[in-house]
$ cat input-v1.txt   # compact mmCIF, C-alpha atoms
# COMPACT_ATOMS: atom_id res chain seq x y z
CA MET A 1 0.00 0.00 0.00
CA ALA A 2 1.48 3.35 -1.05
CA ARG A 3 2.33 5.71 1.75
CA VAL A 4 0.42 9.00 1.67
CA SER A 5 2.73 12.02 1.81
CA GLN A 6 2.41 14.71 4.46
CA GLU A 7 1.89 17.22 1.68
CA HIS A 8 -1.14 15.28 0.50
CA LEU A 9 -2.52 15.03 4.04
CA ASP A 10 -2.07 18.77 4.59
CA ALA A 11 -3.75 19.59 1.28
CA ARG A 12 -6.71 17.36 2.12
CA ARG A 13 -7.08 18.97 5.54
CA ARG A 14 -6.96 22.42 3.89
CA GLN A 15 -9.64 21.33 1.43
CA ILE A 16 -11.93 20.21 4.27
CA LEU A 17 -11.42 23.38 6.34
CA ASP A 18 -12.02 25.67 3.37
CA GLY A 19 -15.16 23.79 2.36
CA ALA A 20 -16.53 23.80 5.91
CA ALA A 21 -15.80 27.52 6.30
CA LEU A 22 -17.79 28.27 3.15
CA CYS A 23 -20.71 26.19 4.38
CA PHE A 24 -20.75 27.84 7.81
CA ALA A 25 -20.52 31.33 6.30
CA ARG A 26 -23.25 30.59 3.77
CA ASN A 27 -25.85 28.89 5.95
CA GLY A 28 -24.79 29.30 9.56
CA PHE A 29 -23.40 26.70 11.92
CA HIS A 30 -26.63 24.98 12.91
CA ALA A 31 -28.14 24.91 9.43
CA THR A 32 -25.00 23.24 8.06
CA SER A 33 -24.78 19.47 8.25
CA MET A 34 -21.74 17.28 7.79
CA GLN A 35 -23.43 16.13 4.59
CA ASP A 36 -23.24 19.72 3.37
CA VAL A 37 -19.52 19.74 4.09
CA LEU A 38 -19.05 16.47 2.20
CA LYS A 39 -20.91 17.90 -0.79
CA GLU A 40 -18.92 21.14 -0.73
CA THR A 41 -15.57 19.38 -0.56
CA GLY A 42 -16.48 16.51 -2.89
CA LEU A 43 -14.97 14.04 -0.42
CA SER A 44 -16.27 10.86 1.12
CA ALA A 45 -17.40 10.63 4.74
CA GLY A 46 -14.40 8.47 5.54
CA ALA A 47 -12.00 11.03 4.11
CA VAL A 48 -13.48 13.87 6.18
CA TYR A 49 -13.98 11.96 9.42
CA ARG A 50 -10.37 10.87 9.27
CA TYR A 51 -9.50 14.45 10.18
CA PHE A 52 -12.51 15.79 12.08
CA ALA A 53 -15.12 14.06 14.24
CA GLY A 54 -17.82 16.62 13.51
CA LYS A 55 -18.82 20.25 13.09
CA GLU A 56 -17.53 21.30 16.51
CA GLU A 57 -14.01 20.14 15.69
CA LEU A 58 -14.18 21.82 12.30
CA ILE A 59 -15.20 25.23 13.64
CA ALA A 60 -12.63 24.99 16.46
CA ALA A 61 -9.88 24.21 13.95
CA ILE A 62 -10.90 27.12 11.71
CA VAL A 63 -10.92 29.55 14.64
CA ALA A 64 -7.58 28.36 16.02
CA GLU A 65 -5.94 28.59 12.60
CA VAL A 66 -7.17 32.10 11.86
CA LEU A 67 -6.23 33.46 15.28
CA GLY A 68 -2.81 31.84 14.99
CA ASP A 69 -2.21 33.43 11.59
CA VAL A 70 -3.23 36.88 12.82
CA ARG A 71 -1.14 36.58 15.97
CA GLY A 72 1.89 35.61 13.89
CA MET A 73 1.46 38.62 11.63
CA TYR A 74 1.40 41.01 14.57
CA GLU A 75 4.35 39.34 16.29
CA ARG A 76 6.41 39.69 13.11
CA ALA A 77 5.32 43.31 12.73
CA ALA A 78 6.60 44.07 16.23
CA GLN A 79 10.09 43.02 15.04
CA GLU A 80 10.14 45.44 12.11
CA THR A 81 12.16 48.65 12.27
CA PRO A 82 10.31 50.91 12.33
CA PRO A 83 7.14 49.00 13.17
CA PRO A 84 4.21 49.53 10.76
CA THR A 85 1.65 52.05 11.97
CA PRO A 86 -1.89 50.77 12.71
CA ASP A 87 -3.33 51.92 9.38
CA VAL A 88 -0.64 49.99 7.49
CA LEU A 89 -0.72 46.92 9.72
CA ILE A 90 -4.50 46.44 9.72
CA ALA A 91 -4.70 46.91 5.97
CA ARG A 92 -1.88 44.38 5.60
CA THR A 93 -3.77 41.93 7.81
CA LEU A 94 -6.92 42.22 5.71
CA ALA A 95 -4.94 41.80 2.49
CA TYR A 96 -3.33 38.65 3.88
CA MET A 97 -6.68 37.20 4.91
CA LYS A 98 -8.09 37.83 1.45
CA GLU A 99 -5.09 36.22 -0.19
CA SER A 100 -5.00 33.17 2.08
CA ARG A 101 -8.80 32.71 2.31
CA PRO A 102 -10.15 34.18 -0.92
CA ALA A 103 -13.35 32.10 -1.16
CA VAL A 104 -16.54 33.99 -1.96
CA LEU A 105 -20.19 33.20 -1.31
CA ASP A 106 -22.84 32.61 -3.93
CA ASP A 107 -23.64 36.33 -4.05
CA GLY A 108 -19.99 37.19 -4.70
CA GLU A 109 -19.26 38.48 -1.20
CA TRP A 110 -16.07 37.54 0.62
CA MET A 111 -17.07 34.79 3.02
CA PHE A 112 -14.68 35.54 5.89
CA PRO A 113 -16.52 38.43 7.65
CA ARG A 114 -19.79 36.48 7.64
CA LEU A 115 -17.96 33.45 9.01
CA MET A 116 -16.58 35.58 11.84
CA MET A 117 -20.11 36.63 12.82
CA GLN A 118 -21.27 33.01 12.77
CA VAL A 119 -18.43 32.09 15.13
CA TRP A 120 -19.27 34.90 17.54
CA VAL A 121 -22.93 33.85 17.65
CA GLU A 122 -22.01 30.22 18.25
CA THR A 123 -19.85 31.11 21.27
CA VAL A 124 -23.03 32.16 23.13
CA ARG A 125 -24.16 28.52 23.35
CA ASN A 126 -20.86 26.66 23.00
CA PRO A 127 -18.67 26.99 26.12
CA ALA A 128 -15.76 25.10 24.55
CA LEU A 129 -15.69 27.41 21.54
CA ALA A 130 -16.09 30.45 23.80
CA ALA A 131 -13.07 29.32 25.83
CA LEU A 132 -11.04 28.80 22.65
CA LEU A 133 -12.00 32.26 21.39
CA ARG A 134 -11.11 33.90 24.72
CA GLU A 135 -7.72 32.20 24.69
CA GLY A 136 -7.14 33.20 21.09
CA PHE A 137 -8.22 36.77 21.77
CA GLY A 138 -5.71 36.88 24.61
CA THR A 139 -2.85 35.79 22.37
CA VAL A 140 -3.78 38.25 19.62
CA ARG A 141 -4.06 41.03 22.20
CA ALA A 142 -0.65 40.12 23.58
CA ALA A 143 0.79 40.31 20.07
CA TRP A 144 -0.76 43.75 19.58
CA VAL A 145 0.74 44.82 22.92
CA LYS A 146 4.15 43.87 21.52
CA VAL A 147 3.46 46.09 18.51
CA ALA A 148 2.43 48.96 20.77
CA GLU A 149 5.54 48.50 22.89
CA SER A 150 7.64 48.66 19.73
CA TYR A 151 5.95 52.00 18.96
CA ARG A 152 7.09 53.30 22.35
CA GLU A 153 10.61 51.99 21.88
CA ALA A 154 10.80 53.65 18.47
CA GLY A 155 9.60 56.96 19.91
CA MET A 156 6.39 56.79 17.87
CA MET A 157 4.12 56.82 20.93
CA PRO A 158 4.34 58.52 24.34
CA ALA A 159 6.11 56.50 27.02
CA GLY A 160 3.07 56.61 29.29
CA ALA A 161 0.55 55.41 26.71
CA ASP A 162 -1.58 52.42 27.68
CA VAL A 163 -0.42 49.68 25.33
CA ASP A 164 -3.12 47.22 26.39
CA ALA A 165 -5.85 49.77 25.72
CA LEU A 166 -4.41 50.38 22.25
CA ALA A 167 -4.34 46.63 21.60
CA ARG A 168 -8.01 46.25 22.54
CA VAL A 169 -9.06 49.20 20.40
CA MET A 170 -7.18 47.94 17.35
CA ILE A 171 -8.82 44.54 17.67
CA ALA A 172 -12.19 46.27 18.00
CA VAL A 173 -11.51 48.21 14.79
CA VAL A 174 -10.96 44.97 12.88
CA GLN A 175 -14.03 43.37 14.44
CA GLY A 176 -16.17 46.39 13.64
CA PHE A 177 -14.92 46.46 10.06
CA ALA A 178 -15.81 42.79 9.73
CA VAL A 179 -19.33 43.41 11.04
CA GLN A 180 -19.90 46.29 8.62
CA THR A 181 -18.65 44.16 5.75
CA ALA A 182 -20.86 41.22 6.67
CA LEU A 183 -23.98 43.34 7.14
CA PHE A 184 -23.68 46.03 4.48
CA GLY A 185 -21.25 44.78 1.87
CA GLU A 186 -17.54 45.12 1.46
CA PRO A 187 -16.04 48.62 1.64
CA ALA A 188 -12.65 49.16 0.09
CA GLU A 189 -9.63 48.47 2.27
CA GLU A 190 -8.42 51.93 1.34
CA LEU A 191 -11.42 53.35 3.19
CA LEU A 192 -10.34 51.66 6.41
CA ARG A 193 -6.73 52.74 5.92
CA GLU A 194 -7.68 56.37 5.27
CA GLY A 195 -10.12 56.36 8.17
CA LEU A 196 -7.42 55.19 10.55
CA ARG A 197 -5.02 57.80 9.21
CA ALA A 198 -7.62 60.49 9.80
CA LEU A 199 -8.22 59.20 13.32
CA MET A 200 -4.49 59.16 14.04
CA SER A 201 -4.23 62.77 12.87
CA VAL A 202 -6.76 64.11 15.39
CA GLN A 203 -5.06 66.47 17.84
CA ARG A 204 -5.98 67.00 21.47
CA THR A 205 -6.23 70.77 21.01
CA PRO A 206 -7.30 72.52 17.79
CA LYS A 207 -4.74 74.43 15.80
CA LYS A 208 -4.93 78.19 16.12
$ encode --input "input-v1.txt" --output "structure tokens"
Amino acid sequence: MARVSQEHLDARRRQILDGAALCFARNGFHATSMQDVLKETGLSAGAVYRYFAGKEELIAAIVAEVLGDVRGMYERAAQETPPPTPDVLIARTLAYMKESRPAVLDDGEWMFPRLMMQVWVETVRNPALAALLREGFGTVRAAWVKVAESYREAGMMPAGADVDALARVMIAVVQGFAVQTALFGEPAEELLREGLRALMSVQRTPKK
């Protein structure tokens, strides 16, 4: 019997996760069955269940992977000299997510923001997923704190600035952008970038 390569196994796992993500974004978690996932991926039940026992494991794997990717991006950004400003870094994050998860729904919309909303709704009734999301949020926030600390070290931010508060606000910006995209359609990334630049330009006291 021929041995299956790790590359093949990884590609099959990717195929299953991408197909499940599309199903969840399209129809919601509860309205999606494992049969829907099989149909979307074109794989047999045995092929899918070899990797995941059910929908709960699928959604947990999707969430963990996305949060890990985002955390890694921010940790790498903190090592740059000078570190990228928030408008650049958030736009870069969105561009990466579109490149790595480009799937679109039947109406042509990018599936990822709608998937995020489905995950947030599911955490209300799923304690295990809620715990995973809290842990992931903590790691992403810690990565943003590293970015904020690099701003201070580079002299780009006052020494007394609250780095944890900045981290929470930047995460909230991304979450809010995702909600707007899911509910009202996809605004251009340039809009978010320019909006952040405008926000960053606000001064405490008006110019004379």
$ residues_near_point --input "input-v1.txt" --point "(-1.2, 34.3, 16.2)" --cutoff "10 Å" --atoms "only C-alpha atoms" --output "PyMOL selection string"
chain A and resi 64-76+136-143
$ closest_residue --input "input-v1.txt" --among "A:Leu43, A:Ala53, A:Val147, A:Pro113" --to "A:Ala167" --atoms "all atoms listed in the file"
A:Val147
$ residues_around --input "input-v1.txt" --residues "A:Ala60" --least-positions-apart "3" --cutoff "10 Å" --atoms "all atoms listed in the file" --output "PyMOL selection string"
chain A and resi 55-57+63-65+119+128-130+132-133
$ residues_around --input "input-v1.txt" --residues "A:Ile16" --least-positions-apart "3" --cutoff "10 Å" --atoms "all atoms listed in the file" --output "list in words"
Asp10, Ala11, Arg12, Arg13, Gly19, Ala20, Ala21, Val37, Leu38, Glu40, Thr41, Gly42, Leu43, Ala47, Val48, Tyr49, Tyr51, Phe52 and Leu58 of chain A
$ write_last_selection --input "input-v1.txt" --atoms "C-alpha atoms" --output "PDB file, keeping the file's coordinate frame"
ATOM      1  CA  ASP A  10      -2.070  18.770   4.590  1.00  0.00           C
ATOM      2  CA  ALA A  11      -3.750  19.590   1.280  1.00  0.00           C
ATOM      3  CA  ARG A  12      -6.710  17.360   2.120  1.00  0.00           C
ATOM      4  CA  ARG A  13      -7.080  18.970   5.540  1.00  0.00           C
ATOM      5  CA  GLY A  19     -15.160  23.790   2.360  1.00  0.00           C
ATOM      6  CA  ALA A  20     -16.530  23.800   5.910  1.00  0.00           C
ATOM      7  CA  ALA A  21     -15.800  27.520   6.300  1.00  0.00           C
ATOM      8  CA  VAL A  37     -19.520  19.740   4.090  1.00  0.00           C
ATOM      9  CA  LEU A  38     -19.050  16.470   2.200  1.00  0.00           C
ATOM     10  CA  GLU A  40     -18.920  21.140  -0.730  1.00  0.00           C
ATOM     11  CA  THR A  41     -15.570  19.380  -0.560  1.00  0.00           C
ATOM     12  CA  GLY A  42     -16.480  16.510  -2.890  1.00  0.00           C
ATOM     13  CA  LEU A  43     -14.970  14.040  -0.420  1.00  0.00           C
ATOM     14  CA  ALA A  47     -12.000  11.030   4.110  1.00  0.00           C
ATOM     15  CA  VAL A  48     -13.480  13.870   6.180  1.00  0.00           C
ATOM     16  CA  TYR A  49     -13.980  11.960   9.420  1.00  0.00           C
ATOM     17  CA  TYR A  51      -9.500  14.450  10.180  1.00  0.00           C
ATOM     18  CA  PHE A  52     -12.510  15.790  12.080  1.00  0.00           C
ATOM     19  CA  LEU A  58     -14.180  21.820  12.300  1.00  0.00           C
TER      20      LEU A  58
END
$ atom_distance --input "input-v1.txt" --atom1 "atom CA of A:Lys98" --atom2 "atom CA of A:Glu80"
22.4 Å
$ closest_residue --input "input-v1.txt" --among "A:Gly185, A:Pro86, A:Gly28, A:Gly54" --to "A:Met170" --atoms "all atoms listed in the file"
A:Pro86
$ axis_aligned_box --input "input-v1.txt" --around "stretch 137-143 of chain A" --padding-each-side "4 Å" --output "lines of an AutoDock Vina configuration file"
center_x = -3.7
center_y = 38.4
center_z = 22.1
size_x = 17.0
size_y = 13.2
size_z = 13.0
